[in-house]
Amino acid sequence: MKHSHRPLIALILCFAFFCLLAATAHAREKVLRIPYPEDPKTADCQMNTDSYTLPLNVFDRLVEAITVSPGKSKLVPGLAESWDISADGKVYTFHLRRGVLFHNGEELTADDVVYTFDRMLNPATKALNSDILTFVDGAQERLDGKADSTKGLKALDTYTVRISLIEPYAPFIAVLASPQASIFNRKFTEPLGSQFGLSPETTCGTGPFILKKYVLNDYQTLIANDKYYKGRPKLDKIFIRVVADSETLRLLFENDELDTFDCDYAISQLPYFYESPKWRDHIKSGPRVGIFYYSINQTIKPFDDVRVRKAFQMAIDRQKILDKRFYGKGKLENGVMPQGLICYNPDQQPLAYNPEKAKKLLAEAGYPNGVDMTIVQVSGWSSKWVDINEIVQAMAMQAGFNITIKQIDEAAYYATRKTGAVESYTQSWSADFNDPDNFFYTFFAERGTVARSFNNMNTAMFEALDKARMMTNPEERCALYRDLEKVIVHEDAAWVPMFSLDHTYVVQPRVKNFVVPWNGWSDMSYYQMEVE
């Protein structure tokens with residue numbers, strides 16, 4: 001009896017056909033592969049102060065800050081389709097979009113917004129970002145454990161939220177666009193407590209992507225949210241790979257294992273990419289809203305004398321540092337507000353490099369033989385800080401500054417700095433939200449100037465900064481900030497503005513619609529991005 005092989009052959013052909021279909025579908029899958037220098041540890045943005053890639057893609061906010069041109073941003077409606085502000089500037093009423101779904105299928109409601117912000121203020125949460133809600137009525141009582149809820153947060157109905165402030169706060173809408181203000185679902189988040197955001201199973205937002213996999217210190221995988229309220233992303237998946245070493249990063253990128261190369265993670269590679277025939281046409285660069293600066297601690301003699309502080313400003317050739325350490329990819333800044341920030345003044349009085357004049361100022365102040373100075377450097381931080389300090393150490397000697405560079409561990413640095421006792425240091429600050437308050441109040445308000453070890457105890461400045469926060473006229477507010485900037489830099493010589501940098505990326509040719517983020521973070525939303 002003969003047996004026909006036709007059914008078996010048909011089965012094999014059918015299996016091969018489906019395998020081919022699956023392989024073709026996989027090949028067509030739009031996957032963006034990006035690096036990150038360290039594990040974010042959590043997707044809970046209330047418990048994180050500097051890793052925002054997950055929050056910006058998994059969650060949404062009431063208001064969003066979008067990049068509209070290089071170094072420029074615009075506030076647009078997000079989960080709130082509109083809002084009203086009372087005449088006295090103290091009551092904000094947000095009207096939520098209807099039909100917005102969390103990844104668990106729950107619809108966004110006003111109660112979720114109230115829960116999210118009250119969670120941040122709940123002392124049991126131990127949130128790191130509660131300062132964004134300082135102005136909310138009842139916030140301090142909630143933080144102090146004196147209230148079981150925040151009286152300034154009210155759900156008026158299913159889709160309407162009212163937030164009442166104790167005083168007008170001009171930057172409030174801008175603050176609500178920061179990643180820290182991402183909105184959570186009460187039903188999903190509340191039972192998880194401190195476990196929220198630690199894994200895909202404990203993470204849920206409304207954002208364009210869903211956290212699918214999370215392998216600690218290795219990678220995270222995000223998949224497209226098919227039910228996203230703005231429409232499904234064009235990317236099917238984002239693969240985020242933790243890569244700490246800059247040489248490994250470049251190797252992976254050049255081997256086509258990564259789609260983006262953020263030069264922030266490897267500044268030394270800038271000349272290579274700009275000079276490479278293969279890559280120079282695939283560079284995406286834009287100015288960041290951020291500034292490098294040197295602090296001056298006015299409680300440490302002889303820096304209590306404004307002449308000594310002015311001499312230190314003149315002792316630094318900022319352009320030389322920009323050219324030598326950052327290959328000239330940036331712009332000298334002469335104030336507190338960097339380019340791109342609202343109220344930025346393009347006509348600031350420049351600070352000139354003049355070591356001879358600096359010497360004369362030191363002599364006038366009673367130091368004809370120069371002064372000793374200590375600059376603190378945190379051990380283990382990026383080599384760029386070492387390089388900058390060593391360049392300044394050498395060049396400032398010509399002006400009469402004998403600089404000692406002191407290494408200190410990170411914990412000791414922060415503990416000492418917040419008491420106002422740390423010596424001078426160099427750092428950078430990028431905008432969390434696009435408003436001058438994010439710069440001025442951080443460094444020169446009464447609490448901030450001590451906590452950052454500036455100690456510029458200018459009572460008129462404190463009063464003016466409090467006033468600026470409450471002003472509702474944008475033109476008058478900008479004029480005040482520009483006046484204060486002159487006082488800080490030129491009259492008080494309270495700090496040394498250095499430069500802002502360009503933010504440079506190199507991308508694979510397959511990447512489309514790549515936009516350099518306005519704020520200078522390496523974190524961004526990938527919703528609009530495409531790959532071929």
# chains A, B, ... in the order shown; residues from 1 in each chain; ligands from 1
call {"tool": "residues_around", "arguments": {"residues": "A:Asp372", "least_positions_apart": "3", "cutoff": "8 Å", "atoms": "only C-alpha atoms", "output": "list of chain:residue names"}}
result
A:Phe401, A:Asn402, A:Ile403, A:Thr404
call {"tool": "select_by_dssp", "arguments": {"residues": "stretch 146-347 of chain A", "states": "strand (DSSP E or B)", "output": "JSON, numbers by chain"}}
result
{"A": [153, 154, 155, 156, 157, 160, 161, 162, 163, 164, 165, 209, 210, 211, 212, 213, 214, 215, 219, 220, 221, 222, 223, 224, 237, 238, 239, 240, 241, 242, 260, 261, 262, 283, 284, 285, 286, 287, 290, 291, 292, 293, 294, 295, 330, 331, 332]}
call {"tool": "write_last_selection", "arguments": {"atoms": "C-alpha atoms", "output": "PDB file, in the first residue's frame"}}
result
ATOM      1  CA  LEU A 153      -6.153  69.881  45.480  1.00  0.00           C
ATOM      2  CA  LYS A 154      -9.807  69.300  44.535  1.00  0.00           C
ATOM      3  CA  ALA A 155     -11.619  67.156  41.958  1.00  0.00           C
ATOM      4  CA  LEU A 156     -14.637  69.312  41.058  1.00  0.00           C
ATOM      5  CA  ASP A 157     -16.108  66.565  38.887  1.00  0.00           C
ATOM      6  CA  THR A 160     -12.187  68.981  36.277  1.00  0.00           C
ATOM      7  CA  VAL A 161      -9.370  69.634  38.734  1.00  0.00           C
ATOM      8  CA  ARG A 162      -8.889  72.770  40.824  1.00  0.00           C
ATOM      9  CA  ILE A 163      -5.481  73.578  42.271  1.00  0.00           C
ATOM     10  CA  SER A 164      -5.382  76.478  44.717  1.00  0.00           C
ATOM     11  CA  LEU A 165      -2.132  78.231  45.613  1.00  0.00           C
ATOM     12  CA  PHE A 209       4.910  53.730  25.214  1.00  0.00           C
ATOM     13  CA  ILE A 210       4.413  50.889  27.699  1.00  0.00           C
ATOM     14  CA  LEU A 211       7.266  49.486  29.788  1.00  0.00           C
ATOM     15  CA  LYS A 212       7.460  45.836  28.681  1.00  0.00           C
ATOM     16  CA  LYS A 213      10.818  44.576  30.003  1.00  0.00           C
ATOM     17  CA  TYR A 214      13.255  45.845  32.606  1.00  0.00           C
ATOM     18  CA  VAL A 215      16.518  44.024  33.320  1.00  0.00           C
ATOM     19  CA  TYR A 219      18.220  47.214  29.387  1.00  0.00           C
ATOM     20  CA  GLN A 220      14.607  48.343  29.246  1.00  0.00           C
ATOM     21  CA  THR A 221      12.150  47.686  26.421  1.00  0.00           C
ATOM     22  CA  LEU A 222       9.188  49.938  25.658  1.00  0.00           C
ATOM     23  CA  ILE A 223       6.420  48.996  23.234  1.00  0.00           C
ATOM     24  CA  ALA A 224       3.959  51.242  21.411  1.00  0.00           C
ATOM     25  CA  LYS A 237       9.505  49.520  20.184  1.00  0.00           C
ATOM     26  CA  ILE A 238      12.272  51.377  22.012  1.00  0.00           C
ATOM     27  CA  PHE A 239      15.229  49.361  23.250  1.00  0.00           C
ATOM     28  CA  ILE A 240      17.195  51.237  25.940  1.00  0.00           C
ATOM     29  CA  ARG A 241      20.609  49.719  26.583  1.00  0.00           C
ATOM     30  CA  VAL A 242      22.707  50.645  29.626  1.00  0.00           C
ATOM     31  CA  THR A 260      21.796  57.294  18.454  1.00  0.00           C
ATOM     32  CA  PHE A 261      25.092  58.501  19.882  1.00  0.00           C
ATOM     33  CA  ASP A 262      24.753  61.232  22.482  1.00  0.00           C
ATOM     34  CA  ILE A 283      24.951  65.093  13.193  1.00  0.00           C
ATOM     35  CA  LYS A 284      22.018  66.703  14.992  1.00  0.00           C
ATOM     36  CA  SER A 285      22.967  69.593  17.240  1.00  0.00           C
ATOM     37  CA  GLY A 286      21.167  72.364  19.069  1.00  0.00           C
ATOM     38  CA  PRO A 287      21.780  74.829  21.904  1.00  0.00           C
ATOM     39  CA  GLY A 290      21.681  75.382  30.533  1.00  0.00           C
ATOM     40  CA  ILE A 291      24.811  77.030  31.882  1.00  0.00           C
ATOM     41  CA  PHE A 292      28.206  76.101  33.339  1.00  0.00           C
ATOM     42  CA  TYR A 293      29.277  78.281  36.256  1.00  0.00           C
ATOM     43  CA  TYR A 294      31.685  78.686  39.151  1.00  0.00           C
ATOM     44  CA  SER A 295      30.319  79.323  42.611  1.00  0.00           C
ATOM     45  CA  GLY A 330      28.905  76.322  22.672  1.00  0.00           C
ATOM     46  CA  LYS A 331      28.520  79.983  23.548  1.00  0.00           C
ATOM     47  CA  LEU A 332      29.902  82.213  26.290  1.00  0.00           C
TER      48      LEU A 332
END
call {"tool": "select_by_dssp", "arguments": {"residues": "stretch 329-465 of chain A", "states": "helix (DSSP H, G or I)", "output": "ChimeraX atom specification"}}
result
/A:355-364,383-399,410-417,437-444,446-451,459-465
call {"tool": "closest_residue", "arguments": {"among": "A:Met47, A:Ile85, A:Leu133, A:Val243", "to": "A:Ser194", "atoms": "only C-alpha atoms"}}
result
A:Met47
call {"tool": "closest_residue", "arguments": {"among": "A:Ala170, A:Ser149, A:Arg119, A:Lys74", "to": "A:Val91", "atoms": "only C-alpha atoms"}}
result
A:Ala170
call {"tool": "residues_around", "arguments": {"residues": "A:Cys478", "least_positions_apart": "4", "cutoff": "10 Å", "atoms": "only C-alpha atoms", "output": "PyMOL selection string"}}
result
chain A and resi 342-345+435-436+468+471+473-474+482-484
call {"tool": "atom_distance", "arguments": {"atom1": "atom CA of A:Leu465", "atom2": "atom CA of A:Leu121"}}
result
24.3 Å
call {"tool": "residues_around", "arguments": {"residues": "A:Val175", "least_positions_apart": "2", "cutoff": "12 Å", "atoms": "only C-alpha atoms", "output": "ChimeraX atom specification"}}
result
/A:61-65,75,129-135,169-173,177-182,431-438
call {"tool": "closest_residue", "arguments": {"among": "A:Ala266, A:Gly335, A:Phe499, A:Asp323", "to": "A:Asp347", "atoms": "only C-alpha atoms"}}
result
A:Gly335
call {"tool": "residues_around", "arguments": {"residues": "A:Asp84", "least_positions_apart": "4", "cutoff": "10 Å", "atoms": "only C-alpha atoms", "output": "compact mmCIF listing (two decimals) with C-alpha atoms, in the first residue's frame"}}
result
# COMPACT_ATOMS: atom_id res chain seq x y z
CA GLY A 89 -3.37 84.20 39.94
CA VAL A 91 -6.60 79.33 41.45
CA TYR A 92 -5.96 77.06 38.46
CA THR A 93 -8.80 75.02 37.01
CA PHE A 94 -7.80 72.22 34.61
CA HIS A 95 -10.23 70.62 32.18
CA ARG A 162 -8.89 72.77 40.82
